[in-house]
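Structure data (mmCIF, C-alpha atoms and all ligand atoms) from my_file.cif:
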data_entry
loop_
_atom_site.label_atom_id
_atom_site.label_comp_id
_atom_site.auth_asym_id
_atom_site.auth_seq_id
_atom_site.Cartn_x
_atom_site.Cartn_y
_atom_site.Cartn_z
CA MET A 20 -135.53 28.81 -5.18
CA ALA A 21 -136.97 28.55 -1.65
CA GLU A 22 -133.78 26.83 -0.60
CA ASN A 23 -131.79 29.75 -1.97
CA ILE A 24 -133.77 32.31 0.01
CA GLU A 25 -133.37 30.32 3.22
CA GLN A 26 -129.63 30.53 2.83
CA LYS A 27 -129.64 34.33 2.64
CA ARG A 28 -128.21 36.11 5.66
CA GLY A 29 -130.67 38.98 5.64
CA HIS A 30 -133.08 41.00 3.52
CA ALA A 31 -132.69 44.56 2.22
CA ILE A 32 -135.13 46.87 0.47
CA ALA A 33 -133.50 48.96 -2.27
CA LEU A 34 -134.58 52.15 -4.00
CA PHE A 35 -133.96 51.26 -7.63
CA SER A 36 -134.22 53.73 -10.52
CA GLY A 37 -132.75 51.27 -13.00
CA GLY A 38 -129.65 53.48 -13.29
CA LEU A 39 -126.03 52.52 -12.67
CA ASP A 40 -125.62 53.73 -9.08
CA SER A 41 -128.72 52.09 -7.68
CA ALA A 42 -127.87 48.88 -9.54
CA LEU A 43 -124.34 48.83 -8.12
CA ALA A 44 -125.65 49.47 -4.60
CA ILE A 45 -127.83 46.38 -4.97
CA LEU A 46 -125.01 44.27 -6.40
CA LEU A 47 -122.69 45.20 -3.53
CA ILE A 48 -125.31 43.95 -1.08
CA LEU A 49 -126.29 40.84 -3.09
CA LYS A 50 -122.60 39.94 -3.12
CA GLN A 51 -122.79 39.64 0.67
CA ASN A 52 -125.50 37.03 0.35
CA ILE A 53 -128.31 39.35 1.35
CA GLU A 54 -131.68 39.07 -0.39
CA VAL A 55 -132.72 42.31 -2.09
CA THR A 56 -136.21 43.52 -2.97
CA ALA A 57 -135.94 46.57 -5.21
CA LEU A 58 -138.60 49.26 -5.31
CA THR A 59 -139.02 51.29 -8.49
CA PHE A 60 -141.24 54.34 -8.10
CA MET A 61 -143.44 56.00 -10.68
CA THR A 62 -144.93 59.48 -10.54
CA HIS A 63 -146.97 61.75 -12.78
CA PHE A 64 -143.80 63.68 -13.56
CA GLY A 65 -142.17 61.28 -15.94
CA CYS A 66 -139.75 59.59 -13.59
CA ASP A 67 -140.89 56.13 -14.55
CA ILE A 68 -140.17 53.28 -16.88
CA GLY A 69 -142.85 54.47 -19.28
CA ASP A 70 -140.99 57.67 -20.07
CA ARG A 71 -137.45 57.42 -21.36
CA SER A 72 -136.92 61.19 -21.12
CA SER A 73 -136.94 60.92 -17.36
CA CYS A 74 -134.62 59.74 -14.64
CA GLY A 75 -136.24 56.32 -14.73
CA SER A 76 -135.36 53.32 -16.84
CA ASN A 77 -136.51 49.72 -17.13
CA PRO A 78 -135.45 47.90 -13.94
CA TYR A 79 -136.29 44.38 -15.11
CA PRO A 80 -133.31 43.35 -17.29
CA THR A 81 -130.82 44.02 -14.46
CA ALA A 82 -133.08 42.36 -11.89
CA GLU A 83 -133.43 39.26 -14.04
CA LYS A 84 -129.74 39.08 -14.81
CA PHE A 85 -128.59 39.35 -11.18
CA GLY A 86 -131.47 37.67 -9.40
CA PHE A 87 -133.41 40.16 -7.30
CA ASN A 88 -137.08 41.10 -7.18
CA VAL A 89 -138.54 44.39 -8.37
CA LYS A 90 -141.75 45.94 -7.11
CA LEU A 91 -143.26 48.89 -9.01
CA MET A 92 -145.02 51.50 -6.91
CA HIS A 93 -146.90 54.56 -8.21
CA LEU A 94 -146.70 57.48 -5.79
CA GLY A 95 -149.81 59.13 -7.30
CA GLN A 96 -151.43 61.83 -5.19
CA LYS A 97 -148.78 61.60 -2.46
CA PHE A 98 -146.22 62.90 -4.93
CA ILE A 99 -148.57 65.57 -6.28
CA ASP A 100 -149.06 66.79 -2.70
CA ILE A 101 -145.33 67.38 -2.21
CA VAL A 102 -145.05 69.11 -5.59
CA GLU A 103 -147.86 71.46 -4.54
CA ASN A 104 -146.40 72.10 -1.08
CA PRO A 105 -142.83 70.94 -0.62
CA LYS A 106 -141.72 71.13 3.01
CA PHE A 107 -138.05 71.48 2.07
CA GLY A 108 -138.26 73.75 -0.93
CA ARG A 109 -137.34 73.25 -4.53
CA GLY A 110 -134.16 72.82 -6.55
CA SER A 111 -133.26 75.10 -9.46
CA ASN A 112 -136.59 74.34 -11.14
CA MET A 113 -139.78 72.87 -9.67
CA ASN A 114 -137.99 69.72 -8.48
CA VAL A 115 -138.67 68.78 -4.88
CA CYS A 116 -135.77 66.38 -4.44
CA ILE A 117 -135.57 66.36 -0.64
CA ASP A 118 -139.29 65.82 -0.10
CA CYS A 119 -139.19 63.26 -2.91
CA ARG A 120 -136.39 61.28 -1.25
CA ILE A 121 -138.20 61.41 2.08
CA LEU A 122 -141.43 60.18 0.51
CA MET A 123 -139.70 57.35 -1.35
CA LEU A 124 -137.74 56.28 1.72
CA ASN A 125 -140.87 56.38 3.88
CA GLU A 126 -142.65 54.13 1.39
CA ALA A 127 -139.63 51.81 1.35
CA LYS A 128 -139.52 51.86 5.17
CA ASN A 129 -143.19 50.86 5.29
CA LEU A 130 -142.44 47.93 3.03
CA MET A 131 -139.39 47.02 5.12
CA ASP A 132 -141.50 46.98 8.29
CA MET A 133 -144.32 45.11 6.60
CA ILE A 134 -142.22 42.25 5.29
CA GLY A 135 -139.71 42.25 8.13
CA ALA A 136 -136.67 43.22 6.03
CA ASP A 137 -133.52 44.26 7.89
CA PHE A 138 -132.44 47.54 6.26
CA LEU A 139 -132.75 49.89 3.27
CA ILE A 140 -130.23 50.72 0.59
CA THR A 141 -129.93 53.51 -1.97
CA GLY A 142 -127.45 54.29 -4.73
CA GLU A 143 -126.70 57.75 -3.36
CA VAL A 144 -123.12 58.97 -3.58
CA VAL A 145 -121.90 61.72 -1.26
CA GLY A 146 -121.33 64.97 -3.17
CA GLN A 147 -122.47 63.61 -6.52
CA ARG A 148 -125.61 65.62 -7.02
CA PRO A 149 -125.85 69.31 -6.29
CA PHE A 150 -128.97 69.14 -4.16
CA SER A 151 -130.33 65.86 -2.85
CA GLN A 152 -127.15 63.96 -2.19
CA GLN A 153 -125.05 66.40 -0.19
CA LYS A 154 -124.05 64.99 3.16
CA ASP A 155 -126.13 67.44 5.23
CA LYS A 156 -129.14 66.80 3.01
CA MET A 157 -128.63 63.08 3.51
CA ASN A 158 -128.68 63.65 7.29
CA LEU A 159 -131.85 65.72 7.02
CA VAL A 160 -133.54 62.95 5.03
CA MET A 161 -132.42 60.44 7.63
CA ARG A 162 -133.91 62.52 10.48
CA GLU A 163 -137.19 63.09 8.67
CA THR A 164 -137.70 59.43 7.82
CA GLY A 165 -136.77 58.18 11.26
CA LEU A 166 -134.63 55.57 9.57
CA LYS A 167 -131.78 56.27 11.98
CA ASN A 168 -129.02 53.90 11.06
CA LYS A 169 -131.03 51.46 9.01
CA LEU A 170 -130.25 53.25 5.75
CA VAL A 171 -127.13 52.03 3.97
CA ARG A 172 -125.53 53.78 1.00
CA PRO A 173 -123.24 51.02 -0.22
CA LEU A 174 -121.39 53.26 -2.72
CA SER A 175 -120.33 55.81 -0.06
CA ALA A 176 -120.64 53.67 3.09
CA ARG A 177 -116.99 53.73 4.09
CA ILE A 178 -116.95 57.54 4.35
CA LEU A 179 -120.24 57.64 6.26
CA PRO A 180 -120.87 56.63 9.90
CA PRO A 181 -121.40 52.87 10.31
CA THR A 182 -125.02 51.78 10.06
CA GLU A 183 -126.85 49.14 12.08
CA PRO A 184 -126.32 46.22 9.67
CA GLU A 185 -122.61 47.09 9.57
CA LEU A 186 -122.35 47.34 13.36
CA THR A 187 -124.14 44.05 13.94
CA GLY A 188 -122.02 42.30 11.31
CA LEU A 189 -124.95 41.53 9.02
CA ILE A 190 -122.95 43.20 6.26
CA ASP A 191 -119.21 43.73 6.01
CA ARG A 192 -118.38 47.44 5.78
CA GLU A 193 -114.99 46.66 4.26
CA GLN A 194 -116.67 45.19 1.18
CA LEU A 195 -118.65 48.38 0.59
CA GLU A 196 -117.33 51.46 -1.24
CA GLY A 197 -116.14 54.92 -0.17
CA ILE A 198 -116.99 56.89 -3.31
CA SER A 199 -117.61 60.64 -3.23
CA GLY A 200 -117.93 63.36 -5.86
CA ARG A 201 -119.08 63.49 -9.43
CA SER A 202 -116.50 61.29 -11.14
CA ARG A 203 -118.01 58.02 -12.33
CA LYS A 204 -114.67 56.27 -12.69
CA ARG A 205 -115.08 53.87 -9.77
CA GLN A 206 -118.68 53.09 -10.69
CA ILE A 207 -117.61 52.18 -14.23
CA GLU A 208 -114.86 49.91 -12.83
CA LEU A 209 -117.38 48.26 -10.52
CA ALA A 210 -119.85 47.77 -13.37
CA ALA A 211 -117.14 45.95 -15.34
CA GLU A 212 -116.27 43.81 -12.28
CA PHE A 213 -119.90 42.79 -11.83
CA GLY A 214 -120.53 42.25 -15.55
CA LEU A 215 -123.12 45.02 -15.55
CA ASP A 216 -122.80 46.18 -19.12
CA ASP A 217 -126.20 47.58 -20.03
CA TYR A 218 -127.01 50.67 -18.01
CA PRO A 219 -128.37 54.07 -19.02
CA SER A 220 -126.12 57.15 -18.95
CA PRO A 221 -126.99 59.42 -16.04
CA ALA A 222 -130.13 61.42 -16.75
CA GLY A 223 -130.93 64.89 -15.50
CA GLY A 224 -133.94 63.99 -13.42
CA CYS A 225 -137.70 63.94 -13.75
CA LEU A 226 -139.81 66.48 -15.63
CA LEU A 227 -139.67 68.76 -12.59
CA THR A 228 -136.04 69.53 -13.48
CA ASP A 229 -137.01 70.70 -16.98
CA GLU A 230 -137.15 74.50 -17.26
CA GLY A 231 -140.01 74.72 -19.78
CA TYR A 232 -142.14 72.17 -17.94
CA SER A 233 -141.42 73.92 -14.64
CA ASN A 234 -142.52 77.28 -16.03
CA ARG A 235 -145.84 75.78 -17.14
CA LEU A 236 -146.27 74.05 -13.79
CA ARG A 237 -145.44 77.23 -11.86
CA ASP A 238 -148.01 79.15 -13.89
CA LEU A 239 -150.64 76.47 -13.25
CA LEU A 240 -150.03 76.41 -9.50
CA ALA A 241 -150.02 80.22 -9.28
CA ASN A 242 -153.37 80.41 -11.03
CA THR A 243 -155.24 77.37 -9.73
CA GLY A 244 -153.48 76.51 -6.47
CA TYR A 245 -153.71 72.78 -7.07
CA LEU A 246 -152.79 70.15 -9.66
CA SER A 247 -155.41 67.93 -11.26
CA PHE A 248 -154.48 64.86 -13.32
CA ASP A 249 -155.98 66.45 -16.44
CA ASP A 250 -153.98 69.64 -15.95
CA LEU A 251 -150.80 67.66 -15.39
CA ASN A 252 -151.35 65.65 -18.56
CA LEU A 253 -151.88 68.85 -20.53
CA LEU A 254 -148.64 70.36 -19.23
CA ARG A 255 -146.73 67.81 -21.31
CA VAL A 256 -148.38 68.85 -24.56
CA GLY A 257 -148.19 71.84 -26.89
CA ARG A 258 -147.47 75.55 -26.61
CA HIS A 259 -149.14 77.20 -23.63
CA PHE A 260 -150.54 80.74 -23.35
CA ARG A 261 -152.19 82.39 -20.34
CA LEU A 262 -155.08 84.72 -21.27
CA ASP A 263 -156.25 85.48 -17.73
CA ARG A 264 -156.21 83.84 -14.31
CA ALA A 265 -158.89 81.36 -15.29
CA THR A 266 -158.11 80.89 -18.97
CA LYS A 267 -155.39 79.12 -20.89
CA VAL A 268 -154.76 78.21 -24.51
CA VAL A 269 -152.84 75.08 -25.53
CA VAL A 270 -151.76 74.75 -29.16
CA GLY A 271 -150.60 71.44 -30.66
CA ARG A 272 -147.15 71.51 -32.27
CA ASN A 273 -147.57 68.49 -34.49
CA GLU A 274 -150.03 65.74 -35.36
CA THR A 275 -149.14 63.66 -32.30
CA GLU A 276 -149.84 66.59 -30.00
CA ASN A 277 -153.04 67.45 -31.87
CA ASN A 278 -154.20 63.88 -31.20
CA GLN A 279 -153.21 64.16 -27.54
CA ILE A 280 -155.12 67.44 -27.23
CA GLU A 281 -158.16 65.80 -28.79
CA GLY A 282 -157.89 63.08 -26.14
CA LEU A 283 -157.53 65.56 -23.29
CA LYS A 284 -160.52 67.76 -24.16
CA ARG A 285 -163.25 67.92 -21.51
CA ASP A 286 -166.72 69.41 -21.16
CA GLY A 287 -166.28 73.15 -20.64
CA HIS A 288 -163.33 73.33 -23.05
CA CYS A 289 -163.40 74.73 -26.62
CA LEU A 290 -161.50 73.22 -29.55
CA LEU A 291 -160.31 75.56 -32.30
CA GLU A 292 -159.03 74.79 -35.75
CA ALA A 293 -158.62 76.63 -39.04
CA PRO A 294 -160.32 74.64 -41.81
CA ASP A 295 -158.86 74.34 -45.32
CA VAL A 296 -155.29 75.21 -44.24
CA GLY A 297 -152.62 73.33 -42.31
CA SER A 298 -153.77 74.01 -38.76
CA PRO A 299 -152.92 73.00 -35.24
CA LEU A 300 -155.64 71.87 -32.86
CA THR A 301 -156.06 74.35 -30.04
CA LEU A 302 -157.71 73.90 -26.67
CA LEU A 303 -159.25 76.85 -24.87
CA ILE A 304 -159.55 76.07 -21.16
CA GLY A 305 -161.44 78.37 -18.81
CA ASP A 306 -163.69 81.31 -19.68
CA ALA A 307 -164.88 80.86 -23.26
CA THR A 308 -165.97 84.48 -23.63
CA GLU A 309 -166.27 86.00 -27.08
CA GLU A 310 -163.06 87.91 -26.46
CA ASN A 311 -161.14 84.84 -25.30
CA ILE A 312 -162.38 82.76 -28.25
CA ARG A 313 -161.18 85.52 -30.57
CA LYS A 314 -157.76 85.61 -28.87
CA ALA A 315 -157.49 81.82 -29.04
CA ALA A 316 -158.42 81.99 -32.74
CA MET A 317 -155.68 84.57 -33.40
CA ILE A 318 -153.14 82.36 -31.63
CA THR A 319 -154.33 79.34 -33.63
CA ALA A 320 -154.08 81.31 -36.89
CA ARG A 321 -150.47 82.22 -36.05
CA TYR A 322 -149.49 78.55 -36.19
CA THR A 323 -151.37 77.68 -39.41
CA SER A 324 -149.90 77.52 -42.89
CA ALA A 325 -151.82 80.79 -43.52
CA ARG A 326 -149.93 82.70 -40.81
CA ASN A 327 -148.87 85.42 -43.29
CA GLU A 328 -152.41 86.12 -44.52
CA THR A 329 -154.32 89.12 -43.19
CA SER A 330 -157.41 87.07 -42.33
CA VAL A 331 -157.78 83.40 -41.38
CA ARG A 332 -161.08 81.60 -40.78
CA VAL A 333 -161.08 79.68 -37.48
CA VAL A 334 -163.84 77.40 -36.20
CA SER A 335 -164.39 77.05 -32.47
CA ARG A 336 -166.39 74.10 -31.09
CA GLN A 337 -167.79 73.76 -27.57
CA VAL A 338 -166.81 70.28 -26.39
CA SER A 339 -169.92 69.90 -24.20
CA ASP A 340 -172.56 70.26 -26.92
CA GLY A 341 -170.67 70.59 -30.20
CA THR A 342 -171.88 74.15 -30.84
CA GLU A 343 -169.68 75.78 -33.46
CA THR A 344 -168.86 79.42 -34.01
CA GLU A 345 -166.71 80.81 -36.77
CA VAL A 346 -164.47 83.87 -36.63
CA SER A 347 -162.15 85.46 -39.16
CA VAL A 348 -159.07 86.86 -37.49
CA GLU A 349 -155.69 88.32 -38.22
CA PRO A 350 -152.97 85.91 -37.03
CA ALA A 351 -151.37 87.00 -33.75
CA ARG A 352 -147.95 88.61 -34.12
CA ASP A 353 -145.01 87.17 -32.23
CA GLN A 354 -144.63 90.36 -30.18
CA ASP A 355 -148.28 90.00 -29.06
CA LEU A 356 -147.68 86.42 -27.98
CA GLU A 357 -144.52 87.13 -26.06
CA PRO A 358 -146.21 88.45 -22.86
CA ILE A 359 -148.75 85.63 -22.70
CA ALA A 360 -146.56 82.68 -23.71
CA ILE A 361 -145.59 80.35 -20.87
CA ARG A 362 -142.13 79.04 -21.76
S1 LIG A 401 -135.28 64.77 -9.94
FE1 LIG A 401 -135.63 65.14 -7.74
S2 LIG A 401 -137.88 65.37 -7.60
FE2 LIG A 401 -137.47 64.39 -9.59
S3 LIG A 401 -137.65 62.19 -9.16
FE3 LIG A 401 -135.46 62.71 -8.99
S4 LIG A 401 -135.17 63.18 -6.76
FE4 LIG A 401 -137.40 63.19 -7.17
#
Would you kindly transcribe this structure into structure tokens?
Amino acid sequence: MAENIEQKRGHAIALFSGGLDSALAILLILKQNIEVTALTFMTHFGCDIGDRSSCGSNPYPTAEKFGFNVKLMHLGQKFIDIVENPKFGRGSNMNVCIDCRILMLNEAKNLMDMIGADFLITGEVVGQRPFSQQKDKMNLVMRETGLKNKLVRPLSARILPPTEPELTGLIDREQLEGISGRSRKRQIELAAEFGLDDYPSPAGGCLLTDEGYSNRLRDLLANTGYLSFDDLNLLRVGRHFRLDRATKVVVGRNETENNQIEGLKRDGHCLLEAPDVGSPLTLLIGDATEENIRKAAMITARYTSARNETSVRVVSRQVSDGTETEVSVEPARDQDLEPIAIR
């Protein structure tokens, strides 16, 4: 193994989502006898190997098959900071793709400097994505990261200015690709050439590209101004209703979500449930005034099996001390929920 590494002509750090493009970028560089260390990032917004609904996928099978290392890195609070205050704006939803790319490349650059690697690679393709991968956006990212010409995009390299490792002859530009646009034809050909047969179909992006999630996140930021881990976890669960600036109601949609809500309750919250009927578990977050408890009970009653009754008994429990109060309410009507639902 050590002997193998000694024979390598250089060392690249790759941004690796586990998807086809980033895998091909790595394979094009490995083919030139360059060692590759791949970085797979995780965030609180689902773009990680633990969440198959996101833009991430498991990087290990490809790494094992083709012989490169993978390092997992959680971006934690650094990513939350850019979601709260993106320097370069948002995409069509709450996605902060430019700031995200800059953050990921800066982290990769730090690793490159730390271990003395020669250059960075990404699977970006010119003109493939509407926002983050346009040529001018690529230039902006380059300027902001100070990477200058140490960033190689092997899939589009031949239609981009030569980079340092190409100019010094560390890698052969002619063996890289000149792909642009949204067609995946060339990538699929390349995958077949490399024997890369197990790759995920392109995904839409992280949770920040999801409209419903983005609406809940926008509401949270507008009302609190910051994002706590607990709040972020709750954004993934249930139906959300805004009662006032300080107060929200989250209603479980099924048993799994009811269990998640149970796990996310904190001191200061109230849990509501209608006994004796099929009932969701509801979390009241914020001001547990008599009026808000009543509203939360009406919302809860709307999603019980007794939603067509004129009166439903709902029990509210303070999480901090277990104090229970009981109210009988008429289930909320859909037209009453419309203005307060966050969808
Ligand atoms: S969709 Fe945009 S913000 Fe989300 S992980 Fe991908 S590049 Fe980053």
Residue nearest ligand LIG 401 (chain A) among A:Arg237, A:Arg326, A:Arg148, A:Lys90 (counting all atoms listed in the file):
A:Arg148
Residue among A:Arg235, A:Arg258, A:Arg264, A:Arg109 lying closest to ligand LIG 401 (chain A), counting all atoms listed in the file:
A:Arg109
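Distance annotation: of A:Asn278, A:Thr228, A:Ser111, A:Gln354, the residue with the minimal separation from ligand LIG 401 (chain A) is A:Thr228; atom set is all atoms listed in the file.
Only residues having an atom at most 9 Å from (-124.0, 40.5, -12.7) are included; using only C-alpha atoms, these are Leu46, Thr81, Lys84, Phe85, Gly86, Ala210, Glu212, Phe213, Gly214, Leu215 and Asp216 of chain A.
What separates CA of Gln279 in chain A from CA of Asn327 in chain A is a distance of 26.8 Å.
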Which of these, A:Arg285, A:Arg28, A:His93, A:Arg120, has the shortest distance to ligand LIG 401 (chain A) once you count all atoms listed in the file?
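Checking each candidate against ligand LIG 401 (chain A), we get A:Arg120 as the closest.
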Would you mind listing what lies within 9 Å of Ser347 in chain A as a count of residues only, with only C-alpha atoms counted and same-chain residues fewer than 2 positions away left out?
10
Residues near Thr62 in chain A, anyone? I mean within 9 Å using all atoms listed in the file, not counting same-chain ones fewer than 2 positions away, as a ChimeraX atom specification.
/A:60,64-67,92-96,98-99
Go through A:Ile134, A:Leu227, A:Ile48, A:Val160 and flag the residue nearest ligand LIG 401 (chain A), using all atoms listed in the file for the distances.
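Of the candidates, the smallest distance to ligand LIG 401 (chain A) is held by A:Leu227.
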In file coordinates, which residues lie within 12 Å of (-118.3, 46.5, 7.4) using all atoms listed in the file, given as a ChimeraX atom specification?
/A:47-48,51,171,173,176-197
What does the structure give for the distance between CA of Met113 in chain A and CA of Lys156 in chain A, in Å to one decimal?
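The value is 17.6 Å.
Shortest atom-to-atom contact with ligand LIG 401 (chain A) among A:Gly200, A:Pro219, A:Gly224, A:Gly29: A:Gly224, counting all atoms listed in the file.
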Near-Cys119 in chain A list (10 Å; all atoms listed in the file; drop same-chain fewer than 6 positions) as a list of chain:residue names
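The residues that qualify are A:Leu94, A:Lys97, A:Phe98, A:Ile101, A:Val102, A:Pro105, A:Phe107, A:Asn125, A:Ser151, A:Val160.
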What is the CA of Leu159 in chain A to CA of Val115 in chain A distance in Å?
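Value for the CA of Leu159 in chain A-CA of Val115 in chain A distance: 14.1 Å.
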